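For reference, model_25.tsv (TSV, C-alpha atoms):
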```
chain	number	residue	atom	x	y	z
K	28	MET	CA	99.19	77.57	101.35
K	29	SER	CA	98.32	81.27	101.68
K	30	GLN	CA	96.14	82.52	104.47
K	31	LYS	CA	92.59	83.50	103.64
K	32	ILE	CA	92.53	87.18	104.46
K	33	LYS	CA	89.47	88.64	106.17
K	34	PHE	CA	88.88	92.21	107.32
K	35	ARG	CA	87.47	92.37	110.85
K	36	THR	CA	86.11	95.66	112.15
K	37	ILE	CA	87.44	96.04	115.69
K	38	GLN	CA	85.69	99.32	116.39
K	39	GLU	CA	82.24	99.97	114.97
K	40	THR	CA	81.87	103.36	113.36
K	41	ASN	CA	79.62	104.71	110.66
K	42	PHE	CA	82.55	106.25	108.80
K	43	THR	CA	82.06	104.14	105.68
K	44	ALA	CA	78.33	104.85	105.46
K	45	THR	CA	78.80	108.55	106.15
K	46	LEU	CA	81.49	108.90	103.51
K	47	GLN	CA	79.50	106.96	100.91
K	48	ASN	CA	76.38	109.04	101.59
K	49	ARG	CA	78.33	112.28	101.23
K	50	ILE	CA	79.90	111.19	97.95
K	51	ASN	CA	76.51	110.08	96.61
K	52	SER	CA	75.00	113.40	97.67
K	53	TYR	CA	77.78	115.33	95.91
K	54	PHE	CA	76.93	113.78	92.54
K	55	ALA	CA	73.17	113.96	93.16
K	56	ASP	CA	73.28	117.62	94.22
K	57	LYS	CA	75.45	118.54	91.23
K	58	GLY	CA	73.28	116.50	88.92
K	59	ILE	CA	76.32	114.90	87.31
K	60	SER	CA	77.44	111.36	86.59
K	61	GLU	CA	80.30	109.74	88.50
K	62	LYS	CA	81.65	108.54	85.16
K	63	GLY	CA	83.61	110.55	82.60
K	64	ASN	CA	82.49	113.93	81.27
K	65	PHE	CA	83.42	116.23	78.38
K	66	LEU	CA	86.79	117.01	79.94
K	67	MET	CA	87.50	113.29	80.15
K	68	ALA	CA	86.65	112.94	76.46
K	69	VAL	CA	89.13	115.74	75.72
K	70	LYS	CA	91.79	113.93	77.76
K	71	ILE	CA	91.21	110.69	75.88
K	72	LEU	CA	91.48	112.47	72.54
K	73	PHE	CA	94.59	114.38	73.60
K	74	THR	CA	96.35	111.30	75.00
K	75	LEU	CA	95.59	109.01	72.07
K	76	THR	CA	96.58	111.73	69.59
K	77	GLY	CA	99.89	112.16	71.38
K	78	PHE	CA	100.43	108.39	71.43
K	79	VAL	CA	99.68	107.87	67.74
K	80	GLY	CA	101.50	111.05	66.72
K	81	SER	CA	104.69	110.17	68.59
K	82	TYR	CA	104.64	106.70	67.02
K	83	PHE	CA	104.54	108.15	63.50
K	84	LEU	CA	107.29	110.62	64.40
K	85	ILE	CA	109.59	107.58	64.53
K	86	PHE	CA	109.05	107.07	60.81
K	87	ALA	CA	109.35	110.79	60.08
K	88	SER	CA	112.82	111.02	61.61
K	89	GLY	CA	114.54	110.25	58.34
K	90	ASP	CA	118.14	109.28	58.97
K	91	SER	CA	118.44	111.43	62.11
K	92	ILE	CA	119.45	109.18	64.99
K	93	LEU	CA	118.82	111.89	67.60
K	94	PHE	CA	115.33	112.69	66.27
K	95	SER	CA	114.50	108.99	66.20
K	96	ILE	CA	115.58	108.40	69.82
K	97	LEU	CA	113.70	111.50	71.02
K	98	SER	CA	110.58	110.26	69.21
K	99	TRP	CA	110.83	106.92	71.01
K	100	ILE	CA	111.19	108.69	74.38
K	101	LEU	CA	108.14	110.84	73.64
K	102	LEU	CA	106.25	107.67	72.73
K	103	GLY	CA	107.26	106.17	76.08
K	104	LEU	CA	105.79	109.15	77.92
K	105	PHE	CA	102.54	109.07	76.00
K	106	THR	CA	102.25	105.31	76.44
K	107	ALA	CA	102.45	105.85	80.20
K	108	PHE	CA	99.86	108.63	79.94
K	109	VAL	CA	97.53	106.31	77.99
K	110	GLY	CA	97.92	103.75	80.78
K	111	PHE	CA	97.21	106.28	83.52
K	112	ASN	CA	94.38	108.18	81.86
K	113	ILE	CA	92.57	105.64	79.70
K	114	SER	CA	93.50	101.99	80.26
K	115	HIS	CA	93.47	102.16	84.06
K	116	ASP	CA	90.07	103.86	84.32
K	117	ALA	CA	88.59	101.71	81.56
K	118	VAL	CA	89.50	98.43	83.28
K	119	HIS	CA	87.93	99.77	86.48
K	120	GLY	CA	84.78	100.53	84.48
K	121	SER	CA	84.86	104.18	85.47
K	122	ILE	CA	85.10	105.97	82.11
K	123	SER	CA	81.53	105.32	81.02
K	124	SER	CA	78.32	103.73	82.23
K	125	ILE	CA	78.26	101.95	78.85
K	126	LYS	CA	80.21	98.73	79.39
K	127	ILE	CA	81.31	98.27	75.79
K	128	ILE	CA	83.12	101.64	75.91
K	129	ASN	CA	85.10	100.64	78.99
K	130	LYS	CA	85.78	97.22	77.54
K	131	SER	CA	87.02	98.62	74.23
K	132	LEU	CA	89.21	101.32	75.77
K	133	GLY	CA	90.61	98.76	78.20
K	134	TYR	CA	92.37	97.09	75.27
K	135	THR	CA	94.66	100.11	75.06
K	136	PHE	CA	96.60	98.16	77.70
K	137	ASN	CA	97.26	95.49	75.05
K	138	LEU	CA	98.23	98.19	72.57
K	139	ALA	CA	100.90	99.25	75.08
K	140	GLY	CA	102.21	95.68	75.33
K	141	THR	CA	100.48	94.79	78.61
K	142	ASN	CA	97.65	92.28	78.94
K	143	LYS	CA	94.32	93.78	80.02
K	144	TYR	CA	93.02	90.50	81.44
K	145	MET	CA	96.03	89.90	83.69
K	146	TRP	CA	96.17	93.56	84.76
K	147	LYS	CA	92.57	93.31	85.95
K	148	ILE	CA	93.38	90.26	88.06
K	149	MET	CA	96.65	91.56	89.56
K	150	HIS	CA	95.56	95.17	90.02
K	151	ASN	CA	91.77	95.34	90.41
K	152	VAL	CA	91.33	92.08	92.29
K	153	ILE	CA	94.56	91.49	94.21
K	154	HIS	CA	96.12	94.92	94.80
K	155	HIS	CA	92.86	96.75	95.50
K	156	THR	CA	91.63	94.07	97.89
K	157	TYR	CA	94.86	93.34	99.81
K	158	THR	CA	96.56	96.74	99.58
K	159	ASN	CA	99.99	96.74	101.29
K	160	ILE	CA	99.43	93.38	102.97
K	161	PRO	CA	102.82	91.62	102.70
K	162	GLY	CA	102.63	88.28	100.94
K	163	HIS	CA	99.31	89.12	99.32
K	164	ASP	CA	99.73	92.43	97.51
K	165	GLU	CA	101.71	91.58	94.37
K	166	ASP	CA	102.86	95.20	94.04
K	167	LEU	CA	105.09	94.72	97.10
K	168	GLU	CA	107.12	92.05	95.35
K	169	PRO	CA	108.45	93.56	92.09
K	170	VAL	CA	111.89	91.84	91.95
K	171	SER	CA	114.09	90.21	94.56
K	172	LEU	CA	116.63	93.06	94.36
K	173	ILE	CA	114.04	95.50	95.73
K	174	ARG	CA	112.60	95.01	99.22
K	175	LEU	CA	109.28	96.84	99.68
K	176	SER	CA	108.03	94.92	102.71
K	177	THR	CA	109.44	93.77	106.04
K	178	GLU	CA	108.11	90.30	105.18
K	179	ASN	CA	110.42	89.99	102.18
K	180	LYS	CA	113.78	88.37	102.84
K	181	LEU	CA	116.45	90.94	103.60
K	182	LYS	CA	119.60	90.63	101.47
K	183	LYS	CA	122.90	92.46	101.81
K	184	VAL	CA	122.33	94.21	98.50
K	185	HIS	CA	119.16	95.83	99.84
K	186	ARG	CA	121.31	98.19	101.90
K	187	TYR	CA	121.95	100.05	98.66
K	188	GLN	CA	118.48	99.75	97.11
K	189	HIS	CA	117.71	103.44	97.63
K	190	LEU	CA	120.59	104.10	95.22
K	191	TYR	CA	119.70	101.63	92.46
K	192	ALA	CA	115.92	101.07	92.77
K	193	TYR	CA	114.97	103.82	90.35
K	194	LEU	CA	117.18	102.26	87.68
K	195	LEU	CA	115.38	98.94	88.14
K	196	TYR	CA	112.03	100.74	87.97
K	197	CYS	CA	112.98	101.61	84.39
K	198	LEU	CA	112.57	97.91	83.57
K	199	THR	CA	108.95	97.76	84.75
K	200	SER	CA	107.13	97.96	81.43
K	201	ILE	CA	109.64	95.96	79.41
K	202	SER	CA	109.23	93.20	81.99
K	203	TRP	CA	105.45	93.27	81.46
K	204	VAL	CA	105.89	93.11	77.70
K	205	PHE	CA	108.25	90.12	77.60
K	206	LYS	CA	107.84	88.24	80.88
K	207	LYS	CA	105.45	89.26	83.65
K	208	ASP	CA	102.14	88.72	81.84
K	209	PHE	CA	103.16	85.25	80.65
K	210	VAL	CA	104.45	84.20	84.10
K	211	ALA	CA	101.33	85.50	85.88
K	212	PHE	CA	99.00	83.93	83.32
K	213	PHE	CA	100.35	80.45	83.99
K	214	ARG	CA	100.80	80.77	87.76
K	215	LYS	CA	98.50	78.54	89.79
K	216	LYS	CA	98.09	81.01	92.63
K	217	MET	CA	98.83	84.62	93.51
K	218	GLY	CA	98.33	85.37	97.20
K	219	ASN	CA	94.68	84.64	97.96
K	220	TYR	CA	93.76	84.53	94.30
K	221	GLU	CA	93.65	81.13	92.64
K	222	ASN	CA	94.11	81.30	88.89
K	223	LYS	CA	91.11	79.40	87.69
K	224	LYS	CA	90.98	77.96	84.19
K	225	HIS	CA	91.36	80.89	81.83
K	226	PRO	CA	88.84	81.19	78.99
K	227	MET	CA	90.26	80.05	75.64
K	228	LYS	CA	89.62	83.59	74.37
K	229	GLU	CA	92.22	84.95	76.82
K	230	TYR	CA	94.88	82.53	75.56
K	231	ILE	CA	94.24	83.78	72.05
K	232	VAL	CA	94.21	87.46	73.08
K	233	LEU	CA	97.39	87.09	75.16
K	234	PHE	CA	99.52	85.56	72.41
K	235	SER	CA	98.01	87.39	69.43
K	236	SER	CA	98.15	90.84	71.05
K	237	LYS	CA	101.75	90.28	72.16
K	238	ALA	CA	102.71	89.21	68.65
K	239	LEU	CA	100.95	92.25	67.20
K	240	TYR	CA	102.76	94.52	69.65
K	241	TYR	CA	106.16	93.05	68.74
K	242	PHE	CA	105.35	93.53	65.05
K	243	ILE	CA	104.12	97.15	65.37
K	244	PHE	CA	106.76	98.40	67.78
K	245	ILE	CA	109.82	96.35	66.81
K	246	ALA	CA	109.52	94.79	63.35
K	247	LEU	CA	107.87	97.69	61.50
K	248	PRO	CA	110.27	100.38	62.78
K	249	ILE	CA	113.27	98.17	61.94
K	250	MET	CA	111.95	97.68	58.42
K	251	LEU	CA	110.59	101.17	57.69
K	252	ALA	CA	112.00	103.81	60.05
K	253	GLY	CA	114.98	104.63	57.81
K	254	VAL	CA	117.63	104.31	60.52
K	255	PRO	CA	119.96	101.38	61.31
K	256	TRP	CA	118.27	98.51	63.16
K	257	TRP	CA	120.34	99.13	66.28
K	258	VAL	CA	118.92	102.67	66.53
K	259	THR	CA	115.43	101.17	66.66
K	260	VAL	CA	116.50	98.73	69.36
K	261	ILE	CA	118.04	101.56	71.42
K	262	GLY	CA	114.93	103.66	70.86
K	263	PHE	CA	112.63	100.80	71.90
K	264	VAL	CA	114.61	100.27	75.11
K	265	ALA	CA	114.70	104.04	75.79
K	266	MET	CA	110.93	104.17	75.33
K	267	HIS	CA	110.45	101.45	77.92
K	268	PHE	CA	112.94	103.00	80.33
K	269	ILE	CA	111.02	106.26	80.47
K	270	GLN	CA	107.65	104.49	80.37
K	271	GLY	CA	108.60	102.02	83.09
K	272	LEU	CA	110.13	104.64	85.36
K	273	THR	CA	107.06	106.88	85.06
K	274	LEU	CA	104.63	104.05	85.76
K	275	ALA	CA	106.58	102.55	88.65
K	276	VAL	CA	107.31	105.81	90.45
K	277	VAL	CA	103.70	107.01	90.36
K	278	PHE	CA	102.43	103.76	91.85
K	279	GLN	CA	105.21	103.52	94.46
K	280	LEU	CA	104.53	107.06	95.68
K	281	ALA	CA	101.03	105.96	96.58
K	282	HIS	CA	101.85	103.09	98.93
K	283	VAL	CA	105.53	102.77	99.83
K	284	VAL	CA	106.02	106.08	101.60
K	285	GLU	CA	106.29	107.20	105.19
K	286	GLY	CA	102.96	107.07	107.00
K	287	ALA	CA	101.58	104.20	104.92
K	288	HIS	CA	100.80	101.06	106.91
K	289	PHE	CA	101.77	97.48	106.07
K	290	PRO	CA	99.22	95.47	108.14
K	291	GLN	CA	100.08	91.96	109.23
K	292	PRO	CA	97.20	89.44	109.42
K	293	ASP	CA	97.01	87.42	112.63
K	294	GLU	CA	97.36	83.63	112.74
K	295	LYS	CA	93.74	83.28	111.55
K	296	GLY	CA	94.35	85.56	108.57
K	297	ASP	CA	92.32	88.40	110.09
K	298	VAL	CA	93.23	92.02	109.41
K	299	LYS	CA	91.76	93.86	112.34
K	300	ASN	CA	90.38	96.84	110.53
K	301	ASN	CA	87.47	98.09	108.49
K	302	TRP	CA	88.32	97.71	104.78
K	303	THR	CA	87.58	101.38	104.03
K	304	ILE	CA	89.84	102.59	106.82
K	305	HIS	CA	92.45	100.05	105.69
K	306	GLN	CA	92.58	101.81	102.32
K	307	LEU	CA	93.17	105.17	104.00
K	308	ASN	CA	95.87	103.70	106.22
K	309	THR	CA	97.77	102.07	103.37
K	310	THR	CA	97.51	104.77	100.72
K	311	SER	CA	98.89	108.27	100.26
K	312	ASN	CA	98.22	111.18	97.92
K	313	PHE	CA	100.79	113.57	96.47
K	314	ALA	CA	100.94	116.83	94.52
K	315	MET	CA	97.23	117.43	94.96
K	316	LYS	CA	97.57	121.09	93.96
K	317	SER	CA	99.41	120.32	90.74
K	318	PHE	CA	97.19	120.49	87.66
K	319	LEU	CA	99.92	118.93	85.52
K	320	ALA	CA	100.36	115.94	87.84
K	321	THR	CA	96.61	115.34	87.93
K	322	TRP	CA	96.28	115.75	84.16
K	323	PHE	CA	99.13	113.51	83.05
K	324	PHE	CA	98.94	110.90	85.84
K	325	GLY	CA	95.23	110.29	85.36
K	326	GLY	CA	94.37	111.46	88.87
K	327	LEU	CA	96.57	108.77	90.40
K	328	ASN	CA	98.15	111.41	92.61
K	329	TYR	CA	94.75	111.09	94.35
K	330	GLN	CA	95.29	107.42	95.19
K	331	ILE	CA	93.17	107.57	98.35
K	332	GLU	CA	90.11	108.57	96.38
K	333	HIS	CA	90.91	106.00	93.72
K	334	HIS	CA	91.19	103.16	96.23
K	335	LEU	CA	88.00	104.16	97.99
K	336	PHE	CA	86.01	104.76	94.82
K	337	PRO	CA	87.64	102.95	91.86
K	338	ASN	CA	84.31	103.02	90.01
K	339	ILE	CA	84.37	106.85	89.90
K	340	CYS	CA	86.20	108.47	86.98
K	341	HIS	CA	89.46	110.14	88.02
K	342	ILE	CA	88.28	113.43	86.55
K	343	HIS	CA	86.23	113.92	89.74
K	344	TYR	CA	88.97	113.10	92.27
K	345	PRO	CA	90.11	116.68	93.02
K	346	LYS	CA	86.55	117.63	94.01
K	347	ILE	CA	85.64	114.56	96.05
K	348	SER	CA	89.03	114.57	97.80
K	349	LYS	CA	87.81	117.51	99.89
K	350	ILE	CA	84.87	115.40	101.09
K	351	VAL	CA	87.08	112.40	101.85
K	352	LYS	CA	89.65	114.47	103.74
K	353	LYS	CA	87.03	116.33	105.79
K	354	THR	CA	85.19	113.13	106.71
K	355	ALA	CA	88.41	111.33	107.65
K	356	GLU	CA	89.42	114.21	109.93
K	357	GLU	CA	86.01	114.18	111.61
K	358	TYR	CA	86.49	110.53	112.50
K	359	GLY	CA	90.12	110.92	113.57
K	360	ILE	CA	91.48	108.96	110.62
K	361	THR	CA	94.81	110.05	109.14
K	362	TYR	CA	94.66	111.32	105.56
K	363	ASN	CA	98.15	110.60	104.22
K	364	MET	CA	99.59	113.00	101.68
K	365	ASN	CA	102.78	114.61	100.45
K	366	ILE	CA	102.50	118.22	99.35
K	367	THR	CA	104.61	117.86	96.20
K	368	MET	CA	105.75	115.00	94.02
K	369	TRP	CA	109.33	115.70	95.06
K	370	ASP	CA	108.30	115.34	98.71
K	371	ALA	CA	106.77	111.97	97.86
K	372	ILE	CA	109.89	110.84	95.99
K	373	LYS	CA	112.07	111.76	98.98
K	374	SER	CA	109.70	109.91	101.30
K	375	HIS	CA	109.79	106.80	99.10
K	376	THR	CA	113.58	106.97	98.94
K	377	ARG	CA	113.78	107.13	102.73
K	378	MET	CA	111.48	104.11	102.92
K	379	LEU	CA	113.74	102.19	100.55
K	380	LYS	CA	116.68	103.05	102.77
K	381	VAL	CA	114.89	101.91	105.93
K	382	LEU	CA	113.61	98.68	104.35
K	383	GLY	CA	117.15	97.88	103.24
K	384	ARG	CA	118.38	97.68	106.82
K	385	GLU	CA	117.86	95.37	109.77
K	386	GLU	CA	116.59	97.94	112.23
K	387	SER	CA	112.87	97.97	113.00
K	388	LEU	CA	110.71	100.37	111.05
K	389	LEU	CA	108.97	101.20	114.30
K	390	GLN	CA	112.22	102.64	115.62
K	391	THR	CA	112.45	105.00	112.66
K	392	GLY	CA	108.97	106.41	113.02
K	393	VAL	CA	107.59	104.62	109.94
K	394	SER	CA	104.22	102.95	110.37
K	395	VAL	CA	104.08	99.25	109.64
K	396	ALA	CA	100.91	98.12	111.38
```
Will you turn the file into structure tokens for me?
Amino acid sequence: MSQKIKFRTIQETNFTATLQNRINSYFADKGISEKGNFLMAVKILFTLTGFVGSYFLIFASGDSILFSILSWILLGLFTAFVGFNISHDAVHGSISSIKIINKSLGYTFNLAGTNKYMWKIMHNVIHHTYTNIPGHDEDLEPVSLIRLSTENKLKKVHRYQHLYAYLLYCLTSISWVFKKDFVAFFRKKMGNYENKKHPMKEYIVLFSSKALYYFIFIALPIMLAGVPWWVTVIGFVAMHFIQGLTLAVVFQLAHVVEGAHFPQPDEKGDVKNNWTIHQLNTTSNFAMKSFLATWFFGGLNYQIEHHLFPNICHIHYPKISKIVKKTAEEYGITYNMNITMWDAIKSHTRMLKVLGREESLLQTGVSVA
């Protein structure tokens, strides 16, 4: 039976209140909403146009195998961008103050082969609440061949995980499409979260949306794309390889890097920290000066701001990050970040190497508590 995790503030500070007041004042002083704006509407239009356009390119490839495969790869990229920029924000309710808009756009997850309902449980509820807590954060347990936590059993093969992990990351989205959502849906318990009886509607949505996805992205191209069936299969797999790698890497660079903490609850299940500070300790930003990273990754290179304020649209993260960083520094709280995406990738790779060995992370200068 899993421990019931509780956050216990061991040192009273007004950091949380100060930060929240400053963020509220920023939006009030600017006279703007914390939800999406015109630029966000442009992003949604651009991303969906790219997604739909790349899908139809598959059918416009004629008998060109190369053109067909390249169209599938482009579709994989735009599917990831839809997930980052639209689906993710929509499920957090941060695109619009009108609930039906968020709810409708959230189903773009289902259009990409993932289940919106299960994503909300595993990501919004579990990951955002128990960030980087071994045994409770599902994101730390992708597959047994990858060890992302000192609490996971160490296997001999893990010594080489820094060499093969990125290849396995390519399987991320194809696993969601064919396995992960179904397994999670019927699991009795995930960490502290007990899967209560799912509404009948969600059973219908799960199976019908999966069937529709298989028809649109497998059956139709095989029947109508004008290339041999095996080209479609290769293209479908290539799409998921690029999509899965993009999704997995962006999320890993936020939490499994040097400087990020992996807090261990005590025997009572207490995490001795304020929840807000816990999010800062367990999360890291990257490539904050890169417009392209921010644009395509839906602001998820600003993971600190996202974890602190998931209800705020990512379009505002670059601006409010200055407030978060300044406030954290005033209170002596580390603001984790890697200057470039390449720096973050190298840091994650070093973490994979360390976690694949017996020696203590503390001896390597990596924070684990």
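Minimum atom-to-atom distances from K:Ser60, K:Ser235, K:Ser200, K:Thr354 to Leu274 of chain K were compared using only C-alpha atoms, and the lowest value belongs to K:Ser200.
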Extract, using all atoms listed in the file, all DNA, RNA and protein residues at most 7 Å from segment 335-347 of chain K, discarding same-chain residues fewer than 2 positions from it, and format them as an MDAnalysis selection string.
chainID K and resid 50 61:63 67 116 119:122 303 306 325:326 329 331:333 349:351
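Between atom CA of Ala44 of chain K and atom CA of Ser348 of chain K there is a distance of 16.4 Å.
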Do you know which residues are at most 10 Å from Leu198 of chain K counting only C-alpha atoms, after dropping those on the same chain fewer than 5 positions away, and could you put them as a ChimeraX atom specification?
/K:193,203,264,267-272,275
What separates atom CA of Lys33 of chain K and atom CA of Glu178 of chain K is a distance of 18.7 Å
With all atoms listed in the file as the basis for distance, which of K:Gly80, K:Gly140, K:Gly383, K:Pro169 is at the shortest distance from Phe234 of chain K?
K:Gly140
Quick one: residues within 12 Å of Leu181 of chain K, all atoms listed in the file, excluding same-chain residues fewer than 3 positions away - as a PyMOL selection string?
chain K and resi 171-178+184-188+379+381-386
Separation of atom CA of Lys299 of chain K from atom CA of His334 of chain K in Å:
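Value for the atom CA of His334 of chain K-atom CA of Lys299 of chain K distance: 18.6 Å.
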Can you work out which one of K:Lys373, K:Arg35, K:Lys126, K:Lys183 has the shortest atom-to-atom distance to Leu280 of chain K, counting only C-alpha atoms?
K:Lys373
Within 10 Å of Val118 of chain K, counting only C-alpha atoms, which residues qualify if same-chain residues fewer than 6 places away don't, as a PyMOL selection string?
chain K and resi 129-136+143-144+146-147+150-151+337-338
Given the selection you just returned, output its residues as a file containing C-alpha atoms, formatted as a PDB file, in the coordinates of the input.
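Written out: out_37.pdb:
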```
ATOM      1  CA  ASN K 129      85.100 100.640  78.990  1.00  0.00           C
ATOM      2  CA  LYS K 130      85.780  97.220  77.540  1.00  0.00           C
ATOM      3  CA  SER K 131      87.020  98.620  74.230  1.00  0.00           C
ATOM      4  CA  LEU K 132      89.210 101.320  75.770  1.00  0.00           C
ATOM      5  CA  GLY K 133      90.610  98.760  78.200  1.00  0.00           C
ATOM      6  CA  TYR K 134      92.370  97.090  75.270  1.00  0.00           C
ATOM      7  CA  THR K 135      94.660 100.110  75.060  1.00  0.00           C
ATOM      8  CA  PHE K 136      96.600  98.160  77.700  1.00  0.00           C
ATOM      9  CA  LYS K 143      94.320  93.780  80.020  1.00  0.00           C
ATOM     10  CA  TYR K 144      93.020  90.500  81.440  1.00  0.00           C
ATOM     11  CA  TRP K 146      96.170  93.560  84.760  1.00  0.00           C
ATOM     12  CA  LYS K 147      92.570  93.310  85.950  1.00  0.00           C
ATOM     13  CA  HIS K 150      95.560  95.170  90.020  1.00  0.00           C
ATOM     14  CA  ASN K 151      91.770  95.340  90.410  1.00  0.00           C
ATOM     15  CA  PRO K 337      87.640 102.950  91.860  1.00  0.00           C
ATOM     16  CA  ASN K 338      84.310 103.020  90.010  1.00  0.00           C
TER      17      ASN K 338
END
```
With N, CA and C atoms as the target, complete segment 260-284 of chain K and hand it back as a CSV table (one decimal), in the coordinates of the input.
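The result, stored in rebuild12.csv:
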```
chain,number,residue,atom,x,y,z
K,260,VAL,N,116.4,99.5,68.1
K,260,VAL,CA,116.5,98.7,69.4
K,260,VAL,C,116.8,99.7,70.5
K,261,ILE,N,117.7,100.6,70.4
K,261,ILE,CA,118.0,101.6,71.4
K,261,ILE,C,116.8,102.4,71.7
K,262,GLY,N,116.1,102.8,70.7
K,262,GLY,CA,114.9,103.7,70.9
K,262,GLY,C,113.8,102.9,71.6
K,263,PHE,N,113.6,101.6,71.2
K,263,PHE,CA,112.6,100.8,71.9
K,263,PHE,C,112.9,100.7,73.4
K,264,VAL,N,114.2,100.4,73.7
K,264,VAL,CA,114.6,100.3,75.1
K,264,VAL,C,114.5,101.6,75.8
K,265,ALA,N,114.8,102.7,75.2
K,265,ALA,CA,114.7,104.0,75.8
K,265,ALA,C,113.2,104.3,76.1
K,266,MET,N,112.4,104.0,75.1
K,266,MET,CA,110.9,104.2,75.3
K,266,MET,C,110.5,103.5,76.6
K,267,HIS,N,110.9,102.2,76.8
K,267,HIS,CA,110.4,101.4,77.9
K,267,HIS,C,111.1,101.9,79.2
K,268,PHE,N,112.3,102.4,79.1
K,268,PHE,CA,112.9,103.0,80.3
K,268,PHE,C,112.1,104.2,80.9
K,269,ILE,N,111.8,105.1,80.0
K,269,ILE,CA,111.0,106.3,80.5
K,269,ILE,C,109.6,105.9,80.8
K,270,GLN,N,109.0,105.0,80.1
K,270,GLN,CA,107.6,104.5,80.4
K,270,GLN,C,107.6,103.7,81.7
K,271,GLY,N,108.6,102.8,81.9
K,271,GLY,CA,108.6,102.0,83.1
K,271,GLY,C,108.9,102.8,84.3
K,272,LEU,N,109.8,103.8,84.2
K,272,LEU,CA,110.1,104.6,85.4
K,272,LEU,C,108.9,105.5,85.8
K,273,THR,N,108.2,106.1,84.8
K,273,THR,CA,107.1,106.9,85.1
K,273,THR,C,106.0,106.1,85.7
K,274,LEU,N,105.7,104.9,85.2
K,274,LEU,CA,104.6,104.0,85.8
K,274,LEU,C,105.0,103.6,87.2
K,275,ALA,N,106.2,103.1,87.4
K,275,ALA,CA,106.6,102.6,88.6
K,275,ALA,C,106.6,103.6,89.7
K,276,VAL,N,107.2,104.8,89.4
K,276,VAL,CA,107.3,105.8,90.4
K,276,VAL,C,105.9,106.3,90.9
K,277,VAL,N,105.0,106.5,90.0
K,277,VAL,CA,103.7,107.0,90.4
K,277,VAL,C,103.0,106.0,91.3
K,278,PHE,N,103.1,104.7,91.0
K,278,PHE,CA,102.4,103.8,91.8
K,278,PHE,C,103.2,103.6,93.2
K,279,GLN,N,104.5,103.7,93.2
K,279,GLN,CA,105.2,103.5,94.5
K,279,GLN,C,104.9,104.7,95.4
K,280,LEU,N,104.8,105.9,94.8
K,280,LEU,CA,104.5,107.1,95.7
K,280,LEU,C,103.2,107.0,96.4
K,281,ALA,N,102.4,106.1,96.0
K,281,ALA,CA,101.0,106.0,96.6
K,281,ALA,C,101.0,105.0,97.8
K,282,HIS,N,102.0,104.1,97.9
K,282,HIS,CA,101.8,103.1,98.9
K,282,HIS,C,103.1,102.8,99.7
K,283,VAL,N,104.3,103.0,99.1
K,283,VAL,CA,105.5,102.8,99.8
K,283,VAL,C,106.2,104.1,100.2
K,284,VAL,N,105.5,104.8,101.1
K,284,VAL,CA,106.0,106.1,101.6
K,284,VAL,C,105.8,106.1,103.1
```
